[in-house]
$ cat run17.pdb   # PDB, C-alpha atoms
MODEL        1
ATOM      1  CA  MET A   1      38.610 -15.915 -34.824
ATOM      2  CA  ILE A   2      34.814 -15.624 -34.650
ATOM      3  CA  ASN A   3      34.946 -12.003 -35.829
ATOM      4  CA  GLU A   4      36.959 -13.025 -38.898
ATOM      5  CA  LEU A   5      34.461 -15.778 -39.727
ATOM      6  CA  LEU A   6      31.499 -13.448 -39.294
ATOM      7  CA  LEU A   7      33.131 -10.804 -41.475
ATOM      8  CA  GLN A   8      33.944 -13.367 -44.181
ATOM      9  CA  PHE A   9      30.329 -14.528 -44.119
ATOM     10  CA  ALA A  10      29.109 -10.919 -44.349
ATOM     11  CA  GLU A  11      31.443 -10.181 -47.262
ATOM     12  CA  TRP A  12      30.251 -13.306 -49.066
ATOM     13  CA  LEU A  13      26.648 -12.313 -48.440
ATOM     14  CA  TYR A  14      27.265  -8.785 -49.724
ATOM     15  CA  ALA A  15      28.844 -10.187 -52.888
ATOM     16  CA  THR A  16      25.531 -11.811 -53.853
ATOM     17  CA  GLY A  17      23.436  -9.873 -56.313
ATOM     18  CA  GLY A  18      20.389  -9.624 -54.072
ATOM     19  CA  SER A  19      22.215  -7.877 -51.259
ATOM     20  CA  ARG A  20      23.463  -5.028 -53.385
ATOM     21  CA  ALA A  21      20.187  -4.867 -55.296
ATOM     22  CA  ILE A  22      18.293  -4.152 -52.078
ATOM     23  CA  GLU A  23      20.883  -1.701 -50.787
ATOM     24  CA  GLU A  24      21.156   0.214 -54.069
ATOM     25  CA  SER A  25      17.441   0.215 -54.868
ATOM     26  CA  PHE A  26      15.793   3.605 -54.729
ATOM     27  CA  TYR A  27      12.729   2.261 -52.887
ATOM     28  CA  MET A  28      13.247  -1.355 -51.805
ATOM     29  CA  TYR A  29      15.430  -0.770 -48.732
ATOM     30  CA  ASN A  30      13.114   1.994 -47.525
ATOM     31  CA  TRP A  31      10.006  -0.172 -47.990
ATOM     32  CA  ILE A  32      11.614  -3.045 -46.113
ATOM     33  CA  GLU A  33      12.694  -0.746 -43.289
ATOM     34  CA  ALA A  34       9.249   0.869 -43.058
ATOM     35  CA  THR A  35       7.591  -2.558 -42.955
ATOM     36  CA  HIS A  36      10.047  -3.605 -40.258
ATOM     37  CA  VAL A  37       9.165  -0.600 -38.105
ATOM     38  CA  ILE A  38       5.403  -1.012 -38.609
ATOM     39  CA  THR A  39       5.507  -4.692 -37.661
ATOM     40  CA  ILE A  40       7.657  -3.875 -34.626
ATOM     41  CA  MET A  41       4.827  -1.586 -33.528
ATOM     42  CA  LEU A  42       2.242  -4.314 -34.169
ATOM     43  CA  CYS A  43       4.179  -7.031 -32.374
ATOM     44  CA  LEU A  44       5.302  -4.938 -29.437
ATOM     45  CA  GLY A  45       1.951  -3.201 -29.126
ATOM     46  CA  MET A  46       0.301  -6.560 -28.469
ATOM     47  CA  LEU A  47       3.139  -7.647 -26.198
ATOM     48  CA  VAL A  48       2.924  -4.475 -24.120
ATOM     49  CA  PHE A  49      -0.810  -5.066 -23.499
ATOM     50  CA  ILE A  50      -0.114  -8.632 -22.356
ATOM     51  CA  ASP A  51       2.760  -7.550 -20.110
ATOM     52  CA  LEU A  52       0.819  -4.643 -18.619
ATOM     53  CA  ARG A  53      -2.098  -6.990 -17.868
ATOM     54  CA  MET A  54       0.277  -9.348 -16.057
ATOM     55  CA  LEU A  55       1.651  -6.435 -14.053
ATOM     56  CA  GLY A  56      -1.882  -5.348 -13.121
ATOM     57  CA  LEU A  57      -1.509  -2.009 -14.899
ATOM     58  CA  ALA A  58      -4.041  -2.551 -17.687
ATOM     59  CA  MET A  59      -7.433  -4.238 -17.923
ATOM     60  CA  PRO A  60      -7.354  -5.894 -14.476
ATOM     61  CA  GLY A  61     -10.965  -7.079 -14.799
ATOM     62  CA  VAL A  62     -10.357  -9.044 -18.000
ATOM     63  CA  SER A  63      -9.109 -12.620 -18.021
ATOM     64  CA  ALA A  64      -5.339 -12.693 -18.524
ATOM     65  CA  VAL A  65      -5.631 -15.871 -20.567
ATOM     66  CA  LYS A  66      -8.277 -14.333 -22.835
ATOM     67  CA  ILE A  67      -6.095 -11.261 -23.484
ATOM     68  CA  SER A  68      -3.070 -13.434 -24.150
ATOM     69  CA  ASP A  69      -4.962 -15.800 -26.463
ATOM     70  CA  ARG A  70      -6.539 -12.989 -28.482
ATOM     71  CA  LEU A  71      -3.381 -10.941 -28.877
ATOM     72  CA  ASN A  72      -0.966 -13.812 -29.537
ATOM     73  CA  ILE A  73      -2.003 -14.287 -33.192
ATOM     74  CA  PRO A  74      -1.532 -10.665 -34.347
ATOM     75  CA  MET A  75       1.613 -10.491 -32.202
ATOM     76  CA  MET A  76       3.078 -13.594 -33.867
ATOM     77  CA  ILE A  77       2.128 -12.373 -37.359
ATOM     78  CA  GLY A  78       3.851  -9.083 -36.597
ATOM     79  CA  PHE A  79       6.859 -10.932 -35.208
ATOM     80  CA  ALA A  80       7.153 -13.164 -38.288
ATOM     81  CA  ILE A  81       7.078 -10.207 -40.685
ATOM     82  CA  MET A  82       9.395  -8.227 -38.402
ATOM     83  CA  PHE A  83      11.840 -11.156 -38.377
ATOM     84  CA  ILE A  84      11.794 -11.558 -42.172
ATOM     85  CA  THR A  85      12.244  -7.845 -42.815
ATOM     86  CA  GLY A  86      15.021  -7.733 -40.206
ATOM     87  CA  LEU A  87      16.827 -10.502 -42.083
ATOM     88  CA  LEU A  88      16.399  -8.554 -45.323
ATOM     89  CA  LEU A  89      17.796  -5.397 -43.710
ATOM     90  CA  PHE A  90      20.805  -7.395 -42.529
ATOM     91  CA  TYR A  91      21.121  -8.968 -45.989
ATOM     92  CA  ALA A  92      21.217  -5.520 -47.606
ATOM     93  CA  LYS A  93      24.115  -4.263 -45.453
ATOM     94  CA  PRO A  94      25.806  -7.309 -43.909
ATOM     95  CA  THR A  95      29.374  -6.004 -43.565
ATOM     96  CA  TYR A  96      28.241  -2.751 -41.980
ATOM     97  CA  THR A  97      25.773  -4.469 -39.669
ATOM     98  CA  ILE A  98      27.959  -7.371 -38.548
ATOM     99  CA  GLN A  99      30.556  -4.869 -37.301
ATOM    100  CA  SER A 100      28.095  -2.843 -35.258
ATOM    101  CA  ILE A 101      28.298  -3.118 -31.473
ATOM    102  CA  TRP A 102      24.615  -2.146 -31.397
ATOM    103  CA  PHE A 103      23.657  -5.025 -33.687
ATOM    104  CA  ARG A 104      25.535  -7.472 -31.485
ATOM    105  CA  ILE A 105      23.892  -6.164 -28.323
ATOM    106  CA  LYS A 106      20.520  -6.326 -30.079
ATOM    107  CA  MET A 107      21.063  -9.975 -31.014
ATOM    108  CA  VAL A 108      21.914 -10.889 -27.405
ATOM    109  CA  LEU A 109      18.853  -9.017 -26.135
ATOM    110  CA  LEU A 110      16.664 -10.757 -28.751
ATOM    111  CA  LEU A 111      17.937 -14.146 -27.650
ATOM    112  CA  VAL A 112      17.271 -13.389 -23.975
ATOM    113  CA  ALA A 113      13.826 -11.969 -24.857
ATOM    114  CA  PHE A 114      13.003 -15.150 -26.783
ATOM    115  CA  VAL A 115      14.027 -17.393 -23.867
ATOM    116  CA  ASN A 116      12.041 -15.199 -21.478
ATOM    117  CA  ALA A 117       8.972 -15.405 -23.763
ATOM    118  CA  VAL A 118       9.125 -19.201 -23.952
ATOM    119  CA  ILE A 119       9.437 -19.512 -20.170
ATOM    120  CA  PHE A 120       6.701 -16.914 -19.645
ATOM    121  CA  HIS A 121       4.289 -18.683 -21.991
ATOM    122  CA  LYS A 122       4.860 -22.085 -20.352
ATOM    123  CA  ARG A 123       4.381 -20.641 -16.869
ATOM    124  CA  LEU A 124       1.287 -18.728 -17.965
ATOM    125  CA  GLN A 125      -0.372 -21.824 -19.414
ATOM    126  CA  ALA A 126       0.562 -23.978 -16.422
ATOM    127  CA  SER A 127      -0.792 -21.670 -13.751
ATOM    128  CA  ALA A 128      -3.436 -19.506 -15.422
ATOM    129  CA  SER A 129      -6.519 -21.272 -14.090
ATOM    130  CA  SER A 130      -5.617 -20.416 -10.505
ATOM    131  CA  TRP A 131      -5.288 -16.638 -10.958
ATOM    132  CA  GLU A 132      -6.464 -15.527 -14.426
ATOM    133  CA  PHE A 133      -9.194 -13.240 -13.034
ATOM    134  CA  GLU A 134      -6.959 -11.699 -10.363
ATOM    135  CA  PRO A 135      -5.911  -8.093 -11.025
ATOM    136  CA  ARG A 136      -2.214  -9.076 -11.104
ATOM    137  CA  ALA A 137      -0.387 -12.210 -12.140
ATOM    138  CA  PRO A 138       1.720 -14.171  -9.656
ATOM    139  CA  ARG A 139       5.117 -12.712  -8.822
ATOM    140  CA  HIS A 140       7.157 -14.929 -11.197
ATOM    141  CA  LEU A 141       4.971 -13.878 -14.150
ATOM    142  CA  ARG A 142       5.148 -10.209 -13.167
ATOM    143  CA  ILE A 143       8.939 -10.408 -13.073
ATOM    144  CA  SER A 144       8.943 -12.043 -16.507
ATOM    145  CA  ALA A 145       6.557  -9.382 -17.865
ATOM    146  CA  ALA A 146       8.713  -6.545 -16.506
ATOM    147  CA  LEU A 147      11.819  -8.216 -17.914
ATOM    148  CA  SER A 148      10.050  -8.555 -21.266
ATOM    149  CA  LEU A 149       9.277  -4.831 -21.373
ATOM    150  CA  ALA A 150      12.875  -3.942 -20.486
ATOM    151  CA  LEU A 151      14.390  -6.374 -22.988
ATOM    152  CA  TRP A 152      12.206  -5.195 -25.863
ATOM    153  CA  ALA A 153      12.929  -1.557 -25.011
ATOM    154  CA  GLY A 154      16.608  -2.494 -25.292
ATOM    155  CA  VAL A 155      16.055  -4.312 -28.599
ATOM    156  CA  VAL A 156      14.270  -1.314 -30.116
ATOM    157  CA  THR A 157      16.847   1.163 -28.798
ATOM    158  CA  THR A 158      19.875  -0.797 -29.972
ATOM    159  CA  GLY A 159      18.173  -1.523 -33.291
ATOM    160  CA  ARG A 160      17.726   2.178 -33.838
ATOM    161  CA  LEU A 161      21.345   2.873 -32.877
ATOM    162  CA  ILE A 162      22.674   0.518 -35.585
ATOM    163  CA  ALA A 163      22.312   3.390 -38.057
ATOM    164  CA  TYR A 164      24.827   5.506 -36.121
ATOM    165  CA  ASP A 165      28.540   4.829 -36.491
ATOM    166  CA  TRP A 166      29.939   6.211 -33.239
ATOM    167  CA  PHE A 167      31.686   2.909 -32.569
ATOM    168  CA  HIS A 168      32.308   1.725 -36.121
ATOM    169  CA  CYS A 169      35.437  -0.150 -37.100
ATOM    170  CA  TYR A 170      36.892   2.573 -39.324
ATOM    171  CA  ARG A 171      37.133   4.812 -36.250
ATOM    172  CA  GLU A 172      39.843   4.655 -33.601
ATOM    173  CA  LEU A 173      38.365   2.417 -30.875
ATOM    174  CA  PRO A 174      39.718   0.923 -27.658
ATOM    175  CA  ALA A 175      40.769  -2.710 -28.240
ATOM    176  CA  TRP A 176      37.949  -4.172 -26.129
ATOM    177  CA  LEU A 177      35.321  -2.135 -27.980
ATOM    178  CA  GLY A 178      36.768  -3.007 -31.369
ATOM    179  CA  ALA A 179      36.639  -6.695 -30.466
ATOM    180  CA  ALA A 180      33.063  -6.383 -29.178
ATOM    181  CA  ALA A 181      32.029  -4.570 -32.360
ATOM    182  CA  GLY A 182      33.630  -7.278 -34.489
ATOM    183  CA  CYS A 183      36.453  -5.195 -35.911
ATOM    184  CA  VAL A 184      39.059  -7.229 -37.761
ATOM    185  CA  ALA A 185      42.585  -5.914 -38.236
ATOM    186  CA  ASP A 186      43.637  -5.662 -41.878
TER     187      ASP A 186
ENDMDL
END

$ encode --input "run17.pdb" --output "structure tokens"
Amino acid sequence: MINELLLQFAEWLYATGGSRAIEESFYMYNWIEATHVITIMLCLGMLVFIDLRMLGLAMPGVSAVKISDRLNIPMMIGFAIMFITGLLLFYAKPTYTIQSIWFRIKMVLLLVAFVNAVIFHKRLQASASSWEFEPRAPRHLRISAALSLALWAGVVTTGRLIAYDWFHCYRELPAWLGAAAGCVAD
């Protein structure tokens, strides 16, 4: 049921002029994809520094709050552009993307990473004054930082795998994998 609705939405989206214009453009899709990759590097580069500081693996003598405060703005700018370009990439190829097991895994990982980031930020702000100059953050923040690194590694990996069609719906797939990928029987 949900797969049929998602596919109908993707087909409707693809029928709009803008979707095909981006996909068929000689340069536009490539520019959007390049911008997406560059802003992933910007966003995740800042995030990795923050997470490594929490784990005590980078800049242990610098205030954790100061690092977080200074890197949050470029990280959020990178995230905003990354998010917009990601939407445009989806918009350009919605029927292909919506039926990708990798895209679906990526979306779940993104959701979990977002929840982890919100919890991490709240915990950081609530407890920072008691440990911010310590070489390592408290255990609950270190766990969140390690989880953040793992989740974002998964997001980047699955995002990259979307381009490959090993488990695409036009192939012969086991029923469970076809359902997970969003395949709809004709």

$ resolve_selection --input "run17.pdb" --expression "the PyMOL selection byres ((chain A and resi 57-65) around 12)" --output "number ranges by chain"
A: 48-56, 66-72, 121, 123-138, 141-142, 145-146

$ resolve_selection --input "run17.pdb" --expression "the PyMOL selection byres ((chain A and resi 87) around 12)" --output "PyMOL selection string"
chain A and resi 13+19+22+29+32-33+36+80-86+88-94+97+107

$ closest_residue --input "run17.pdb" --among "A:Ala150, A:Ile119, A:Ile98, A:Val155" --to "Ile2 in chain A" --atoms "only C-alpha atoms"
A:Ile98

$ atom_distance --input "run17.pdb" --atom1 "CA of Leu149 in chain A" --atom2 "CA of Ala113 in chain A"
9.2 Å

$ atom_distance --input "run17.pdb" --atom1 "CA of Ala180 in chain A" --atom2 "CA of Leu7 in chain A"
13.1 Å

$ atom_distance --input "run17.pdb" --atom1 "CA of Tyr170 in chain A" --atom2 "CA of Leu6 in chain A"
16.9 Å

$ build_atoms --input "run17.pdb" --residues "range 119-130 of chain A" --atoms "all heavy atoms" --output "short mmCIF file (atom, residue, chain, number, x, y, z; two decimals), in the frame of the given file"
data_model
loop_
_atom_site.label_atom_id
_atom_site.label_comp_id
_atom_site.auth_asym_id
_atom_site.auth_seq_id
_atom_site.Cartn_x
_atom_site.Cartn_y
_atom_site.Cartn_z
N ILE A 119 9.66 -19.19 -21.59
CA ILE A 119 9.44 -19.51 -20.17
C ILE A 119 8.14 -18.89 -19.68
O ILE A 119 7.33 -19.53 -19.00
CB ILE A 119 10.64 -19.04 -19.33
CG1 ILE A 119 11.87 -19.88 -19.66
CG2 ILE A 119 10.33 -19.13 -17.83
CD1 ILE A 119 13.16 -19.34 -19.09
N PHE A 120 7.91 -17.63 -20.04
CA PHE A 120 6.70 -16.91 -19.64
C PHE A 120 5.45 -17.64 -20.14
O PHE A 120 4.51 -17.86 -19.38
CB PHE A 120 6.75 -15.48 -20.21
CG PHE A 120 5.49 -14.70 -19.98
CD1 PHE A 120 5.26 -14.09 -18.77
CD2 PHE A 120 4.54 -14.57 -20.99
CE1 PHE A 120 4.10 -13.35 -18.55
CE2 PHE A 120 3.39 -13.85 -20.79
CZ PHE A 120 3.17 -13.24 -19.56
N HIS A 121 5.46 -18.02 -21.41
CA HIS A 121 4.29 -18.68 -21.99
C HIS A 121 4.01 -20.02 -21.30
O HIS A 121 2.86 -20.34 -21.00
CB HIS A 121 4.48 -18.88 -23.49
CG HIS A 121 3.27 -19.38 -24.19
ND1 HIS A 121 2.17 -18.59 -24.39
CD2 HIS A 121 2.97 -20.60 -24.70
CE1 HIS A 121 1.22 -19.30 -25.01
NE2 HIS A 121 1.69 -20.51 -25.21
N LYS A 122 5.04 -20.79 -21.04
CA LYS A 122 4.86 -22.08 -20.35
C LYS A 122 4.31 -21.88 -18.95
O LYS A 122 3.40 -22.58 -18.52
CB LYS A 122 6.18 -22.85 -20.30
CG LYS A 122 6.57 -23.45 -21.62
CD LYS A 122 7.84 -24.26 -21.51
CE LYS A 122 8.20 -24.85 -22.86
NZ LYS A 122 9.41 -25.64 -22.81
N ARG A 123 4.86 -20.91 -18.24
CA ARG A 123 4.38 -20.64 -16.87
C ARG A 123 2.95 -20.11 -16.88
O ARG A 123 2.16 -20.43 -16.00
CB ARG A 123 5.31 -19.65 -16.17
CG ARG A 123 6.64 -20.25 -15.79
CD ARG A 123 7.49 -19.22 -15.09
NE ARG A 123 8.73 -19.80 -14.59
CZ ARG A 123 9.68 -19.11 -14.06
NH1 ARG A 123 9.58 -17.79 -13.95
NH2 ARG A 123 10.77 -19.70 -13.62
N LEU A 124 2.64 -19.27 -17.86
CA LEU A 124 1.29 -18.73 -17.96
C LEU A 124 0.28 -19.85 -18.18
O LEU A 124 -0.74 -19.91 -17.50
CB LEU A 124 1.21 -17.71 -19.11
CG LEU A 124 -0.19 -17.17 -19.44
CD1 LEU A 124 -0.72 -16.33 -18.28
CD2 LEU A 124 -0.13 -16.34 -20.71
N GLN A 125 0.55 -20.72 -19.11
CA GLN A 125 -0.37 -21.82 -19.41
C GLN A 125 -0.50 -22.79 -18.24
O GLN A 125 -1.58 -23.33 -17.99
CB GLN A 125 0.09 -22.57 -20.68
CG GLN A 125 0.07 -21.72 -21.93
CD GLN A 125 -1.30 -21.12 -22.23
OE1 GLN A 125 -2.32 -21.74 -22.05
NE2 GLN A 125 -1.30 -19.88 -22.68
N ALA A 126 0.58 -23.02 -17.52
CA ALA A 126 0.56 -23.98 -16.42
C ALA A 126 -0.22 -23.48 -15.20
O ALA A 126 -0.82 -24.28 -14.50
CB ALA A 126 1.99 -24.33 -16.01
N SER A 127 -0.20 -22.17 -14.99
CA SER A 127 -0.79 -21.67 -13.75
C SER A 127 -2.00 -20.76 -13.94
O SER A 127 -2.55 -20.27 -12.95
CB SER A 127 0.28 -20.91 -12.96
OG SER A 127 0.64 -19.72 -13.62
N ALA A 128 -2.42 -20.52 -15.14
CA ALA A 128 -3.44 -19.51 -15.42
C ALA A 128 -4.76 -19.77 -14.73
O ALA A 128 -5.42 -18.84 -14.27
CB ALA A 128 -3.65 -19.37 -16.92
N SER A 129 -5.19 -20.99 -14.64
CA SER A 129 -6.52 -21.27 -14.09
C SER A 129 -6.65 -20.85 -12.63
O SER A 129 -7.74 -20.59 -12.16
CB SER A 129 -6.85 -22.76 -14.25
OG SER A 129 -5.93 -23.54 -13.52
N SER A 130 -5.55 -20.76 -11.92
CA SER A 130 -5.62 -20.42 -10.50
C SER A 130 -5.66 -18.91 -10.24
O SER A 130 -5.99 -18.50 -9.13
CB SER A 130 -4.43 -21.03 -9.76
OG SER A 130 -3.22 -20.50 -10.24
#
